file data-v1.txt (compact mmCIF, C-alpha atoms and all ligand atoms)
# COMPACT_ATOMS: atom_id res chain seq x y z
CA MET A 1 -90.50 19.78 63.39
CA VAL A 2 -90.18 22.84 61.15
CA SER A 3 -86.96 24.75 61.69
CA GLU A 4 -87.27 28.37 62.76
CA TYR A 5 -84.75 29.05 59.99
CA ALA A 6 -86.96 27.54 57.25
CA ASP A 7 -88.10 30.90 55.86
CA ARG A 8 -85.17 33.11 56.83
CA GLU A 9 -83.56 34.94 53.91
CA GLY A 10 -80.02 36.22 53.72
CA LEU A 11 -78.45 33.67 56.08
CA ARG A 12 -74.70 34.18 56.21
CA ILE A 13 -72.93 30.98 57.11
CA LEU A 14 -69.29 30.40 57.91
CA GLY A 15 -68.27 26.96 56.60
CA ILE A 16 -65.22 25.10 57.90
CA GLU A 17 -63.61 22.09 56.17
CA THR A 18 -60.74 20.06 57.64
CA SER A 19 -61.64 16.45 56.80
CA CYS A 20 -58.42 15.57 54.97
CA ASP A 21 -55.45 17.69 53.91
CA ASP A 22 -57.12 20.98 52.92
CA THR A 23 -57.74 23.63 55.56
CA ALA A 24 -60.66 25.70 54.32
CA ALA A 25 -63.12 28.38 55.44
CA ALA A 26 -65.78 30.25 53.48
CA VAL A 27 -68.67 32.65 53.98
CA VAL A 28 -71.73 31.94 51.84
CA VAL A 29 -75.13 33.64 51.79
CA ASP A 30 -78.19 31.37 51.30
CA ALA A 31 -76.16 28.66 49.55
CA ARG A 32 -75.95 30.97 46.54
CA GLU A 33 -73.59 33.85 47.03
CA VAL A 34 -69.98 33.02 47.91
CA LEU A 35 -68.57 36.04 49.76
CA SER A 36 -65.23 34.34 50.35
CA SER A 37 -63.65 30.90 49.99
CA VAL A 38 -60.15 30.32 51.32
CA VAL A 39 -58.38 26.98 50.86
CA SER A 40 -54.92 26.32 52.25
CA SER A 41 -53.58 23.15 50.67
CA GLN A 42 -51.12 20.98 52.59
CA VAL A 43 -49.95 19.21 49.42
CA ASP A 44 -46.34 20.34 49.90
CA LEU A 45 -46.22 18.84 53.39
CA HIS A 46 -47.44 15.43 52.23
CA ALA A 47 -45.88 15.20 48.74
CA ARG A 48 -42.58 13.63 49.84
CA PHE A 49 -44.52 10.82 51.55
CA GLY A 50 -46.56 10.12 48.39
CA GLY A 51 -49.87 10.55 50.24
CA VAL A 52 -51.57 12.20 53.20
CA VAL A 53 -49.95 11.50 56.59
CA PRO A 54 -52.81 11.83 59.13
CA GLU A 55 -50.67 13.08 62.04
CA ILE A 56 -49.02 15.76 59.89
CA ALA A 57 -52.44 16.78 58.53
CA SER A 58 -54.04 17.33 61.93
CA ARG A 59 -51.07 19.31 63.24
CA ALA A 60 -51.09 21.49 60.12
CA HIS A 61 -54.84 22.14 60.53
CA VAL A 62 -54.18 23.41 64.06
CA GLU A 63 -51.65 25.92 62.72
CA LEU A 64 -53.54 26.95 59.59
CA LEU A 65 -57.18 27.08 60.65
CA VAL A 66 -57.23 30.37 62.58
CA PRO A 67 -55.51 32.39 59.80
CA VAL A 68 -57.68 30.69 57.17
CA ILE A 69 -60.90 31.58 59.05
CA ALA A 70 -59.63 35.13 59.64
CA GLY A 71 -58.85 35.39 55.93
CA ALA A 72 -62.34 34.21 54.96
CA LEU A 73 -63.98 36.74 57.30
CA VAL A 74 -61.82 39.63 56.10
CA GLU A 75 -62.32 38.73 52.43
CA ALA A 76 -66.08 38.55 52.99
CA GLY A 77 -65.92 41.98 54.63
CA ILE A 78 -67.94 40.93 57.62
CA THR A 79 -67.45 40.81 61.35
CA ASP A 80 -68.50 38.00 63.66
CA ASP A 81 -71.79 39.59 64.67
CA HIS A 82 -72.92 39.49 61.05
CA LEU A 83 -72.84 35.71 60.86
CA ASP A 84 -75.95 33.56 61.33
CA ALA A 85 -74.38 30.12 61.81
CA VAL A 86 -71.14 28.14 61.71
CA GLY A 87 -71.12 24.83 59.80
CA ALA A 88 -68.30 22.31 59.87
CA THR A 89 -67.58 18.93 58.29
CA VAL A 90 -68.04 16.29 61.00
CA GLY A 91 -67.26 13.29 58.74
CA PRO A 92 -66.30 11.19 56.95
CA GLY A 93 -62.57 11.86 57.01
CA LEU A 94 -59.47 11.57 59.17
CA ILE A 95 -60.49 11.73 62.82
CA GLY A 96 -57.63 14.00 63.97
CA SER A 97 -58.23 16.41 61.10
CA LEU A 98 -62.01 16.47 61.58
CA LEU A 99 -61.66 17.22 65.30
CA VAL A 100 -59.73 20.41 64.63
CA GLY A 101 -62.47 21.92 62.45
CA VAL A 102 -65.37 20.65 64.56
CA SER A 103 -63.87 22.01 67.80
CA ALA A 104 -63.15 25.39 66.22
CA ALA A 105 -66.68 25.62 64.76
CA LYS A 106 -68.34 24.79 68.09
CA ALA A 107 -66.14 27.26 69.96
CA LEU A 108 -66.91 30.07 67.50
CA ALA A 109 -70.64 29.27 67.51
CA LEU A 110 -70.67 29.42 71.32
CA VAL A 111 -68.70 32.65 71.51
CA TRP A 112 -70.77 34.36 68.80
CA GLY A 113 -74.06 32.95 70.12
CA VAL A 114 -75.07 31.45 66.75
CA PRO A 115 -76.05 27.88 65.78
CA PHE A 116 -73.52 25.17 65.04
CA VAL A 117 -74.43 22.97 62.05
CA ALA A 118 -72.86 19.51 61.57
CA VAL A 119 -72.15 18.82 57.89
CA ASN A 120 -71.61 15.50 56.12
CA HIS A 121 -68.64 15.90 53.75
CA LEU A 122 -70.33 13.76 51.06
CA GLU A 123 -73.48 15.86 51.20
CA ALA A 124 -71.29 18.97 50.94
CA HIS A 125 -69.78 17.62 47.69
CA LEU A 126 -73.33 17.13 46.33
CA TYR A 127 -74.15 20.75 47.21
CA ALA A 128 -71.14 22.05 45.30
CA ALA A 129 -73.11 21.54 42.07
CA LEU A 130 -76.17 23.30 43.52
CA LEU A 131 -74.13 26.20 44.79
CA GLU A 132 -73.14 27.10 41.26
CA GLU A 133 -76.49 26.12 39.69
CA PRO A 134 -79.19 27.09 42.21
CA GLU A 135 -81.92 26.38 39.67
CA LEU A 136 -80.73 22.79 39.23
CA GLU A 137 -83.79 20.66 38.60
CA LEU A 138 -84.06 17.46 40.59
CA PRO A 139 -83.86 14.49 40.44
CA VAL A 140 -80.25 14.33 39.35
CA VAL A 141 -77.74 11.55 39.41
CA VAL A 142 -74.47 12.69 40.97
CA LEU A 143 -71.22 10.92 40.22
CA LEU A 144 -69.17 11.65 43.33
CA VAL A 145 -65.54 10.79 42.65
CA SER A 146 -62.84 11.83 45.10
CA GLY A 147 -59.70 10.49 46.76
CA GLY A 148 -61.75 8.67 49.38
CA HIS A 149 -65.07 7.92 47.64
CA THR A 150 -66.59 6.79 44.38
CA MET A 151 -70.37 6.77 44.45
CA LEU A 152 -73.37 7.12 42.20
CA VAL A 153 -76.06 8.97 44.12
CA LEU A 154 -79.62 9.71 43.07
CA MET A 155 -80.52 13.07 44.59
CA GLU A 156 -84.33 12.95 44.54
CA ASP A 157 -84.81 16.11 46.53
CA HIS A 158 -82.93 18.17 49.08
CA GLY A 159 -81.70 15.78 51.74
CA ARG A 160 -83.23 12.75 49.96
CA TYR A 161 -80.53 10.51 48.55
CA ARG A 162 -80.35 7.00 47.21
CA VAL A 163 -76.88 5.53 46.95
CA LEU A 164 -77.11 3.54 43.71
CA GLY A 165 -73.60 2.14 43.86
CA SER A 166 -70.11 2.67 45.21
CA THR A 167 -66.62 1.26 44.88
CA ILE A 168 -65.95 -2.17 46.31
CA ASP A 169 -62.22 -1.46 46.65
CA ASP A 170 -60.20 1.65 45.64
CA ALA A 171 -61.79 5.05 45.05
CA ALA A 172 -61.22 6.54 41.59
CA GLY A 173 -58.95 9.29 42.97
CA GLU A 174 -57.02 6.70 44.96
CA ALA A 175 -56.42 4.76 41.71
CA PHE A 176 -55.13 7.94 40.03
CA ASP A 177 -52.85 8.63 43.02
CA LYS A 178 -51.51 5.05 43.24
CA VAL A 179 -50.85 4.74 39.49
CA ALA A 180 -49.18 8.18 39.44
CA ARG A 181 -46.96 7.18 42.34
CA PHE A 182 -45.99 3.96 40.52
CA LEU A 183 -45.20 5.96 37.35
CA GLY A 184 -43.11 8.42 39.40
CA LEU A 185 -45.41 11.37 38.66
CA GLY A 186 -45.70 12.63 42.25
CA TYR A 187 -48.63 13.50 44.49
CA PRO A 188 -51.48 14.26 44.01
CA GLY A 189 -51.61 11.95 41.04
CA GLY A 190 -54.88 12.98 39.40
CA PRO A 191 -53.76 16.34 37.98
CA ALA A 192 -50.36 14.84 36.95
CA ILE A 193 -51.99 12.00 34.99
CA ASP A 194 -54.57 14.36 33.50
CA HIS A 195 -51.76 16.58 32.22
CA LEU A 196 -49.47 13.83 30.91
CA ALA A 197 -52.37 11.95 29.27
CA MET A 198 -52.78 14.85 26.84
CA GLN A 199 -49.53 13.73 25.18
CA GLY A 200 -50.42 10.02 25.06
CA ALA A 201 -52.75 7.76 23.06
CA PRO A 202 -55.83 6.63 25.03
CA ASP A 203 -56.13 3.51 22.88
CA ALA A 204 -52.45 2.50 23.13
CA ILE A 205 -53.10 -0.14 25.81
CA ALA A 206 -56.42 -1.95 26.36
CA PHE A 207 -56.63 -1.86 30.16
CA PRO A 208 -59.54 -3.75 31.81
CA ARG A 209 -62.91 -2.08 32.51
CA ALA A 210 -64.16 -3.98 35.56
CA MET A 211 -67.97 -4.40 35.81
CA ARG A 212 -68.49 -1.71 33.16
CA ASP A 213 -71.88 -2.96 32.05
CA GLU A 214 -73.12 -4.62 35.24
CA GLY A 215 -74.80 -2.86 38.15
CA TYR A 216 -73.70 0.44 39.66
CA ASP A 217 -70.77 -0.63 41.83
CA PHE A 218 -67.18 0.11 40.81
CA SER A 219 -63.84 -1.68 41.17
CA PHE A 220 -60.49 -0.09 40.38
CA SER A 221 -57.90 -2.23 42.16
CA GLY A 222 -57.60 -4.69 39.24
CA LEU A 223 -56.94 -1.80 36.86
CA LYS A 224 -54.13 -0.51 39.05
CA THR A 225 -52.57 -4.01 39.11
CA ALA A 226 -52.96 -4.28 35.32
CA VAL A 227 -51.01 -1.00 34.90
CA VAL A 228 -48.21 -2.24 37.18
CA ASN A 229 -48.01 -5.60 35.37
CA HIS A 230 -48.00 -3.98 31.93
CA VAL A 231 -45.20 -1.54 32.77
CA ARG A 232 -43.09 -4.29 34.36
CA LYS A 233 -43.54 -6.47 31.27
CA HIS A 234 -42.90 -3.59 28.82
CA PRO A 235 -40.40 -1.28 30.53
CA GLU A 236 -39.87 0.64 27.26
CA VAL A 237 -43.56 1.68 27.08
CA SER A 238 -44.32 5.41 26.80
CA THR A 239 -45.44 6.77 30.20
CA ALA A 240 -47.77 9.20 28.45
CA ASP A 241 -49.49 6.28 26.67
CA VAL A 242 -49.87 4.44 29.99
CA ALA A 243 -51.34 7.56 31.63
CA ALA A 244 -53.73 8.19 28.73
CA SER A 245 -54.85 4.55 28.49
CA PHE A 246 -55.32 4.24 32.26
CA GLN A 247 -57.33 7.48 32.38
CA GLU A 248 -59.41 6.30 29.42
CA ALA A 249 -60.28 3.06 31.25
CA VAL A 250 -61.35 4.91 34.43
CA VAL A 251 -63.38 7.53 32.57
CA ASP A 252 -65.01 4.94 30.31
CA VAL A 253 -66.35 2.97 33.31
CA LEU A 254 -67.42 6.09 35.26
CA VAL A 255 -69.31 7.61 32.35
CA ALA A 256 -70.90 4.33 31.17
CA LYS A 257 -72.35 3.67 34.63
CA ALA A 258 -73.41 7.25 35.37
CA ARG A 259 -75.13 7.54 32.03
CA ARG A 260 -76.94 4.21 32.41
CA ALA A 261 -78.00 5.14 35.96
CA ALA A 262 -79.40 8.51 34.84
CA ARG A 263 -81.36 6.80 32.06
CA GLU A 264 -82.68 3.96 34.24
CA VAL A 265 -83.88 6.16 37.12
CA GLY A 266 -85.29 8.84 34.83
CA ALA A 267 -83.09 11.66 36.13
CA ARG A 268 -83.26 15.12 34.58
CA GLY A 269 -79.56 15.70 34.84
CA LEU A 270 -76.16 14.32 35.63
CA ALA A 271 -73.82 16.15 37.99
CA LEU A 272 -70.17 15.64 38.82
CA ALA A 273 -68.68 16.16 42.27
CA GLY A 274 -65.39 15.50 44.08
CA GLY A 275 -61.75 16.03 43.15
CA VAL A 276 -61.72 13.64 40.17
CA ALA A 277 -64.56 15.72 38.67
CA ALA A 278 -61.78 18.20 37.77
CA ASN A 279 -60.45 15.64 35.25
CA SER A 280 -60.58 17.14 31.76
CA GLN A 281 -61.35 13.86 29.96
CA LEU A 282 -64.14 12.98 32.41
CA ARG A 283 -65.73 16.42 31.98
CA GLU A 284 -65.61 16.17 28.21
CA ARG A 285 -67.13 12.67 28.16
CA VAL A 286 -69.90 13.61 30.58
CA LEU A 287 -70.84 16.57 28.40
CA ASP A 288 -70.99 14.30 25.32
CA ALA A 289 -73.03 11.65 27.16
CA CYS A 290 -75.51 14.24 28.47
CA GLU A 291 -75.97 15.69 25.03
CA GLU A 292 -76.68 12.25 23.58
CA GLU A 293 -79.08 11.33 26.41
CA GLY A 294 -80.87 14.69 26.52
CA LEU A 295 -79.73 15.30 30.10
CA HIS A 296 -78.72 18.55 31.75
CA ALA A 297 -74.99 18.38 32.66
CA PHE A 298 -73.73 20.03 35.86
CA LEU A 299 -69.98 20.37 36.00
CA PRO A 300 -68.82 22.38 39.01
CA SER A 301 -65.81 24.67 38.50
CA HIS A 302 -62.46 23.10 39.38
CA SER A 303 -62.19 24.86 42.74
CA MET A 304 -65.65 23.61 43.66
CA CYS A 305 -64.79 19.98 42.74
CA THR A 306 -61.87 19.64 45.15
CA ASP A 307 -62.35 20.07 48.90
CA ASN A 308 -63.47 23.57 49.90
CA ALA A 309 -65.59 25.19 52.59
CA ALA A 310 -68.09 26.99 50.34
CA MET A 311 -69.78 23.65 49.66
CA VAL A 312 -69.79 22.99 53.43
CA ALA A 313 -71.52 26.33 54.07
CA ALA A 314 -74.05 25.55 51.31
CA ALA A 315 -74.87 22.12 52.79
CA ALA A 316 -75.06 23.70 56.27
CA TRP A 317 -77.65 26.16 54.97
CA TRP A 318 -79.91 23.35 53.75
CA ARG A 319 -79.53 21.43 57.00
CA LEU A 320 -80.18 24.52 59.13
CA ARG A 321 -83.35 25.32 57.21
CA SER A 322 -84.66 21.75 57.28
CA GLU A 323 -83.59 20.55 60.72
CA GLY A 324 -82.40 23.59 62.66
CA PRO A 325 -79.12 23.81 64.60
CA SER A 326 -77.15 20.67 65.50
CA PRO A 327 -76.63 19.85 69.18
CA LEU A 328 -73.16 20.74 70.45
CA ASP A 329 -72.58 17.13 71.52
CA VAL A 330 -72.53 15.91 67.88
CA GLY A 331 -69.00 14.57 67.50
CA ALA A 332 -66.67 13.96 64.58
CA ASP A 333 -67.35 10.62 62.86
CA PRO A 334 -64.60 9.36 60.52
CA ASN A 335 -66.98 6.73 59.03
CA LEU A 336 -70.08 8.90 58.57
CA ARG A 337 -72.23 7.72 55.64
CA LEU A 338 -74.53 9.61 53.35
CA PRO A 339 -78.09 9.35 54.74
CA ASP A 340 -79.89 6.97 52.36
CA VAL A 341 -83.69 6.83 52.07
CA SER A 342 -83.82 3.42 50.40
O1 LIG B 1 -62.44 15.75 46.73
P1 LIG B 1 -60.96 15.80 46.96
O2 LIG B 1 -60.27 17.14 46.91
O3 LIG B 1 -60.59 15.18 48.35
C1 LIG B 1 -61.24 14.07 48.88
O4 LIG B 1 -62.32 14.26 49.54
O5 LIG B 1 -60.72 12.95 48.61
O6 LIG B 1 -60.31 14.79 45.89
C2 LIG B 1 -58.93 14.58 45.81
C3 LIG B 1 -58.67 13.54 44.72
C4 LIG B 1 -57.24 13.08 44.64
O7 LIG B 1 -57.21 11.65 44.56
C5 LIG B 1 -56.73 13.69 43.33
O8 LIG B 1 -55.72 12.93 42.70
C6 LIG B 1 -58.00 13.72 42.52
O9 LIG B 1 -59.02 14.08 43.43
N1 LIG B 1 -57.93 14.70 41.41
C7 LIG B 1 -57.97 14.36 40.10
C8 LIG B 1 -57.80 15.57 39.37
N2 LIG B 1 -57.69 16.60 40.27
C9 LIG B 1 -57.79 16.05 41.52
N3 LIG B 1 -58.11 13.16 39.50
C10 LIG B 1 -58.10 13.14 38.15
N4 LIG B 1 -57.92 14.23 37.38
C11 LIG B 1 -57.78 15.46 37.93
N5 LIG B 1 -57.61 16.55 37.17
ZN ZN B 2 -63.82 15.58 49.41
call {"tool": "encode", "arguments": {"input": "data-v1.txt", "output": "structure tokens", "more": "lines below"}}
Ligand code: KG4
Ligand code: ZN
result
Amino acid sequence: MVSEYADREGLRILGIETSCDDTAAAVVVDAREVLSSVVSSQVDLHARFGGVVPEIASRAHVELLVPVIAGALVEAGITDDHLDAVGATVGPGLIGSLLVGVSAAKALALVWGVPFVAVNHLEAHLYAALLEEPELELPVVVLLVSGGHTMLVLMEDHGRYRVLGSTIDDAAGEAFDKVARFLGLGYPGGPAIDHLAMQGAPDAIAFPRAMRDEGYDFSFSGLKTAVVNHVRKHPEVSTADVAASFQEAVVDVLVAKARRAAREVGARGLALAGGVAANSQLRERVLDACEEEGLHAFLPSHSMCTDNAAMVAAAAWWRLRSEGPSPLDVGADPNLRLPDVS
């Protein structure tokens, strides 16, 4: 069935993102022009617990979502009757958090008489790269690295994905967060390690690189244990050296696999997505690898790597054009997977 939206130009979509601990809303035109993108981080609420507390997150979304949506509409300079659809992340994520955004999106779509579009959070991360590079030539291999996921995805075309590999234990961001917590660097750990690593030597400690040259799956839990064991055995070790060497081990594995995948599947480019894609060392190494392999590199801006609603609105646009509106009985699904054509 061809969607009645397939050829519509100038679609203004309100995106809503509440899958974890960021409350976000954005207005985007045709997955290209970001009129507004508001993100209210709950980091301060969760920091003293060393990680996201689901119950606190969902309660905070309830309080923050209406002002965040209002802010996005005001910043975009539009009123409700100028919107063409409302898209919201329906999964994967924390069920209580997802429900807040999904319920709000459905209610607004009903009141405004516009379509509701269910968005997969992982697909939204893939569209973050496209939002900033609309002329991105497919196929591309996307390395999606966040707090909850680590995946290598071949994006053959819009909506056509092949999951080449994923983590068999911890996600890359989770490893950064756990190691940072162990080193007493606070939460979230990724930016703290990234910063401290600049003062350390990446070759100071030879941490393990699990499955670096085999297949496309990842494993980071052994690396985290190796860091803990090393610091316990050498309490005098420089924390900056530990941070730099740990980061080097993660980045080395991520880049080696992504680069090999892009070469083996004949991709035109390599894109980064997800919060860990903000890592300065990872960005630098991906640029070097792409130059050596003759690949186009797509590195989304920092604000587009971490959770935001502009990427949700962009993914909603593609879904609306290809499949039309989502039924209002589509529920939140904490375990939603990326649709895989293989
Ligand atoms: O995509 P995201 O905002 O949320 C999820 O969907 O998980 O990713 C958050 C993750 C956290 O684990 C955080 O520590 C990590 O991304 N992160 C980083 C950096 N900035 C955020 N990891 C490494 N280096 C960074 N600069
Ligand atoms: Zn995310």
call {"tool": "residues_near_ligand", "arguments": {"input": "data-v1.txt", "ligand": "ligand LIG 1 (chain B)", "cutoff": "6 Å", "atoms": "all atoms listed in the file", "output": "PyMOL selection string"}}
result
chain A and resi 146-148+173-174+176-177+188-191+194+274-276+278-279+306-307
call {"tool": "closest_residue", "arguments": {"input": "data-v1.txt", "among": "A:Ile78, A:Ala249, A:Ala31, A:Ala316", "to": "Gly10 in chain A", "atoms": "all atoms listed in the file"}}
result
A:Ala31
call {"tool": "residues_around", "arguments": {"input": "data-v1.txt", "residues": "range 332-338 of chain A", "least_positions_apart": "3", "cutoff": "10 Å", "atoms": "only C-alpha atoms", "output": "PyMOL selection string"}}
result
chain A and resi 19+88-103+118-123+153+159-163+329+341
call {"tool": "closest_residue", "arguments": {"input": "data-v1.txt", "among": "A:Met304, A:Val255, A:Ala57, A:Ala124", "to": "Trp317 in chain A", "atoms": "only C-alpha atoms"}}
result
A:Ala124
call {"tool": "residues_near_point", "arguments": {"input": "data-v1.txt", "point": "(-62.9, 37.6, 55.0)", "cutoff": "9 Å", "atoms": "all atoms listed in the file", "output": "PyMOL selection string"}}
result
chain A and resi 26-27+35-38+68-79
call {"tool": "write_last_selection", "arguments": {"input": "data-v1.txt", "atoms": "C-alpha atoms", "output": "PDB file, in the frame of the given file"}}
result
ATOM      1  CA  ALA A  26     -65.780  30.250  53.480  1.00  0.00           C
ATOM      2  CA  VAL A  27     -68.670  32.650  53.980  1.00  0.00           C
ATOM      3  CA  LEU A  35     -68.570  36.040  49.760  1.00  0.00           C
ATOM      4  CA  SER A  36     -65.230  34.340  50.350  1.00  0.00           C
ATOM      5  CA  SER A  37     -63.650  30.900  49.990  1.00  0.00           C
ATOM      6  CA  VAL A  38     -60.150  30.320  51.320  1.00  0.00           C
ATOM      7  CA  VAL A  68     -57.680  30.690  57.170  1.00  0.00           C
ATOM      8  CA  ILE A  69     -60.900  31.580  59.050  1.00  0.00           C
ATOM      9  CA  ALA A  70     -59.630  35.130  59.640  1.00  0.00           C
ATOM     10  CA  GLY A  71     -58.850  35.390  55.930  1.00  0.00           C
ATOM     11  CA  ALA A  72     -62.340  34.210  54.960  1.00  0.00           C
ATOM     12  CA  LEU A  73     -63.980  36.740  57.300  1.00  0.00           C
ATOM     13  CA  VAL A  74     -61.820  39.630  56.100  1.00  0.00           C
ATOM     14  CA  GLU A  75     -62.320  38.730  52.430  1.00  0.00           C
ATOM     15  CA  ALA A  76     -66.080  38.550  52.990  1.00  0.00           C
ATOM     16  CA  GLY A  77     -65.920  41.980  54.630  1.00  0.00           C
ATOM     17  CA  ILE A  78     -67.940  40.930  57.620  1.00  0.00           C
ATOM     18  CA  THR A  79     -67.450  40.810  61.350  1.00  0.00           C
TER      19      THR A  79
END
call {"tool": "residues_near_point", "arguments": {"input": "data-v1.txt", "point": "(-80.5, 26.9, 38.4)", "cutoff": "12 Å", "atoms": "all atoms listed in the file", "output": "ChimeraX atom specification"}}
result
/A:32,129-138,269,296-298
call {"tool": "residues_around", "arguments": {"input": "data-v1.txt", "residues": "Val265 in chain A", "least_positions_apart": "6", "cutoff": "10 Å", "atoms": "only C-alpha atoms", "output": "CSV table (one decimal) with C-alpha atoms, in the frame of the given file"}}
result
chain,number,residue,atom,x,y,z
A,139,PRO,CA,-83.9,14.5,40.4
A,140,VAL,CA,-80.2,14.3,39.4
A,141,VAL,CA,-77.7,11.6,39.4
A,154,LEU,CA,-79.6,9.7,43.1
A,164,LEU,CA,-77.1,3.5,43.7
call {"tool": "closest_residue", "arguments": {"input": "data-v1.txt", "among": "A:Arg232, A:His195, A:His125, A:Arg59", "to": "ligand ZN 2 (chain B)", "atoms": "all atoms listed in the file"}}
result
A:His125
call {"tool": "build_atoms", "arguments": {"input": "data-v1.txt", "residues": "range 283-290 of chain A", "atoms": "all heavy atoms", "output": "PDB file, in the coordinates of the input"}}
result
ATOM      1  N   ARG A 283     -64.787  15.313  32.224  1.00  0.00           N
ATOM      2  CA  ARG A 283     -65.730  16.420  31.980  1.00  0.00           C
ATOM      3  C   ARG A 283     -66.216  16.404  30.528  1.00  0.00           C
ATOM      4  O   ARG A 283     -67.394  16.564  30.237  1.00  0.00           O
ATOM      5  CB  ARG A 283     -65.065  17.757  32.320  1.00  0.00           C
ATOM      6  CG  ARG A 283     -64.721  17.866  33.790  1.00  0.00           C
ATOM      7  CD  ARG A 283     -63.875  19.074  34.087  1.00  0.00           C
ATOM      8  NE  ARG A 283     -64.640  20.304  34.143  1.00  0.00           N
ATOM      9  CZ  ARG A 283     -65.203  20.791  35.246  1.00  0.00           C
ATOM     10  NH1 ARG A 283     -65.100  20.139  36.388  1.00  0.00           N
ATOM     11  NH2 ARG A 283     -65.859  21.924  35.221  1.00  0.00           N
ATOM     12  N   GLU A 284     -65.261  16.186  29.627  1.00  0.00           N
ATOM     13  CA  GLU A 284     -65.610  16.170  28.210  1.00  0.00           C
ATOM     14  C   GLU A 284     -66.589  15.029  27.892  1.00  0.00           C
ATOM     15  O   GLU A 284     -67.601  15.228  27.218  1.00  0.00           O
ATOM     16  CB  GLU A 284     -64.310  15.960  27.428  1.00  0.00           C
ATOM     17  CG  GLU A 284     -64.281  16.570  26.066  1.00  0.00           C
ATOM     18  CD  GLU A 284     -62.870  16.462  25.509  1.00  0.00           C
ATOM     19  OE1 GLU A 284     -61.979  17.219  25.962  1.00  0.00           O
ATOM     20  OE2 GLU A 284     -62.663  15.602  24.658  1.00  0.00           O
ATOM     21  N   ARG A 285     -66.285  13.838  28.433  1.00  0.00           N
ATOM     22  CA  ARG A 285     -67.130  12.670  28.160  1.00  0.00           C
ATOM     23  C   ARG A 285     -68.519  12.807  28.774  1.00  0.00           C
ATOM     24  O   ARG A 285     -69.500  12.350  28.209  1.00  0.00           O
ATOM     25  CB  ARG A 285     -66.484  11.398  28.711  1.00  0.00           C
ATOM     26  CG  ARG A 285     -65.281  10.963  27.964  1.00  0.00           C
ATOM     27  CD  ARG A 285     -65.638  10.521  26.531  1.00  0.00           C
ATOM     28  NE  ARG A 285     -64.437  10.375  25.762  1.00  0.00           N
ATOM     29  CZ  ARG A 285     -63.667   9.296  25.795  1.00  0.00           C
ATOM     30  NH1 ARG A 285     -64.014   8.259  26.523  1.00  0.00           N
ATOM     31  NH2 ARG A 285     -62.565   9.249  25.089  1.00  0.00           N
ATOM     32  N   VAL A 286     -68.591  13.428  29.944  1.00  0.00           N
ATOM     33  CA  VAL A 286     -69.900  13.610  30.580  1.00  0.00           C
ATOM     34  C   VAL A 286     -70.741  14.583  29.755  1.00  0.00           C
ATOM     35  O   VAL A 286     -71.934  14.358  29.543  1.00  0.00           O
ATOM     36  CB  VAL A 286     -69.745  14.088  32.046  1.00  0.00           C
ATOM     37  CG1 VAL A 286     -71.056  14.630  32.595  1.00  0.00           C
ATOM     38  CG2 VAL A 286     -69.276  12.915  32.914  1.00  0.00           C
ATOM     39  N   LEU A 287     -70.101  15.612  29.250  1.00  0.00           N
ATOM     40  CA  LEU A 287     -70.840  16.570  28.400  1.00  0.00           C
ATOM     41  C   LEU A 287     -71.391  15.868  27.157  1.00  0.00           C
ATOM     42  O   LEU A 287     -72.549  16.042  26.794  1.00  0.00           O
ATOM     43  CB  LEU A 287     -69.926  17.723  27.977  1.00  0.00           C
ATOM     44  CG  LEU A 287     -69.715  18.822  29.012  1.00  0.00           C
ATOM     45  CD1 LEU A 287     -68.751  19.862  28.472  1.00  0.00           C
ATOM     46  CD2 LEU A 287     -71.036  19.469  29.411  1.00  0.00           C
ATOM     47  N   ASP A 288     -70.546  15.035  26.525  1.00  0.00           N
ATOM     48  CA  ASP A 288     -70.990  14.300  25.320  1.00  0.00           C
ATOM     49  C   ASP A 288     -72.148  13.374  25.664  1.00  0.00           C
ATOM     50  O   ASP A 288     -73.147  13.319  24.956  1.00  0.00           O
ATOM     51  CB  ASP A 288     -69.841  13.448  24.747  1.00  0.00           C
ATOM     52  CG  ASP A 288     -68.732  14.306  24.170  1.00  0.00           C
ATOM     53  OD1 ASP A 288     -68.968  15.513  23.982  1.00  0.00           O
ATOM     54  OD2 ASP A 288     -67.626  13.770  23.941  1.00  0.00           O
ATOM     55  N   ALA A 289     -72.002  12.627  26.777  1.00  0.00           N
ATOM     56  CA  ALA A 289     -73.030  11.650  27.160  1.00  0.00           C
ATOM     57  C   ALA A 289     -74.349  12.374  27.446  1.00  0.00           C
ATOM     58  O   ALA A 289     -75.413  11.911  27.042  1.00  0.00           O
ATOM     59  CB  ALA A 289     -72.577  10.863  28.396  1.00  0.00           C
ATOM     60  N   CYS A 290     -74.284  13.515  28.127  1.00  0.00           N
ATOM     61  CA  CYS A 290     -75.510  14.240  28.470  1.00  0.00           C
ATOM     62  C   CYS A 290     -76.188  14.763  27.203  1.00  0.00           C
ATOM     63  O   CYS A 290     -77.413  14.744  27.098  1.00  0.00           O
ATOM     64  CB  CYS A 290     -75.207  15.392  29.434  1.00  0.00           C
ATOM     65  SG  CYS A 290     -74.894  14.787  31.088  1.00  0.00           S
TER      66      CYS A 290
END
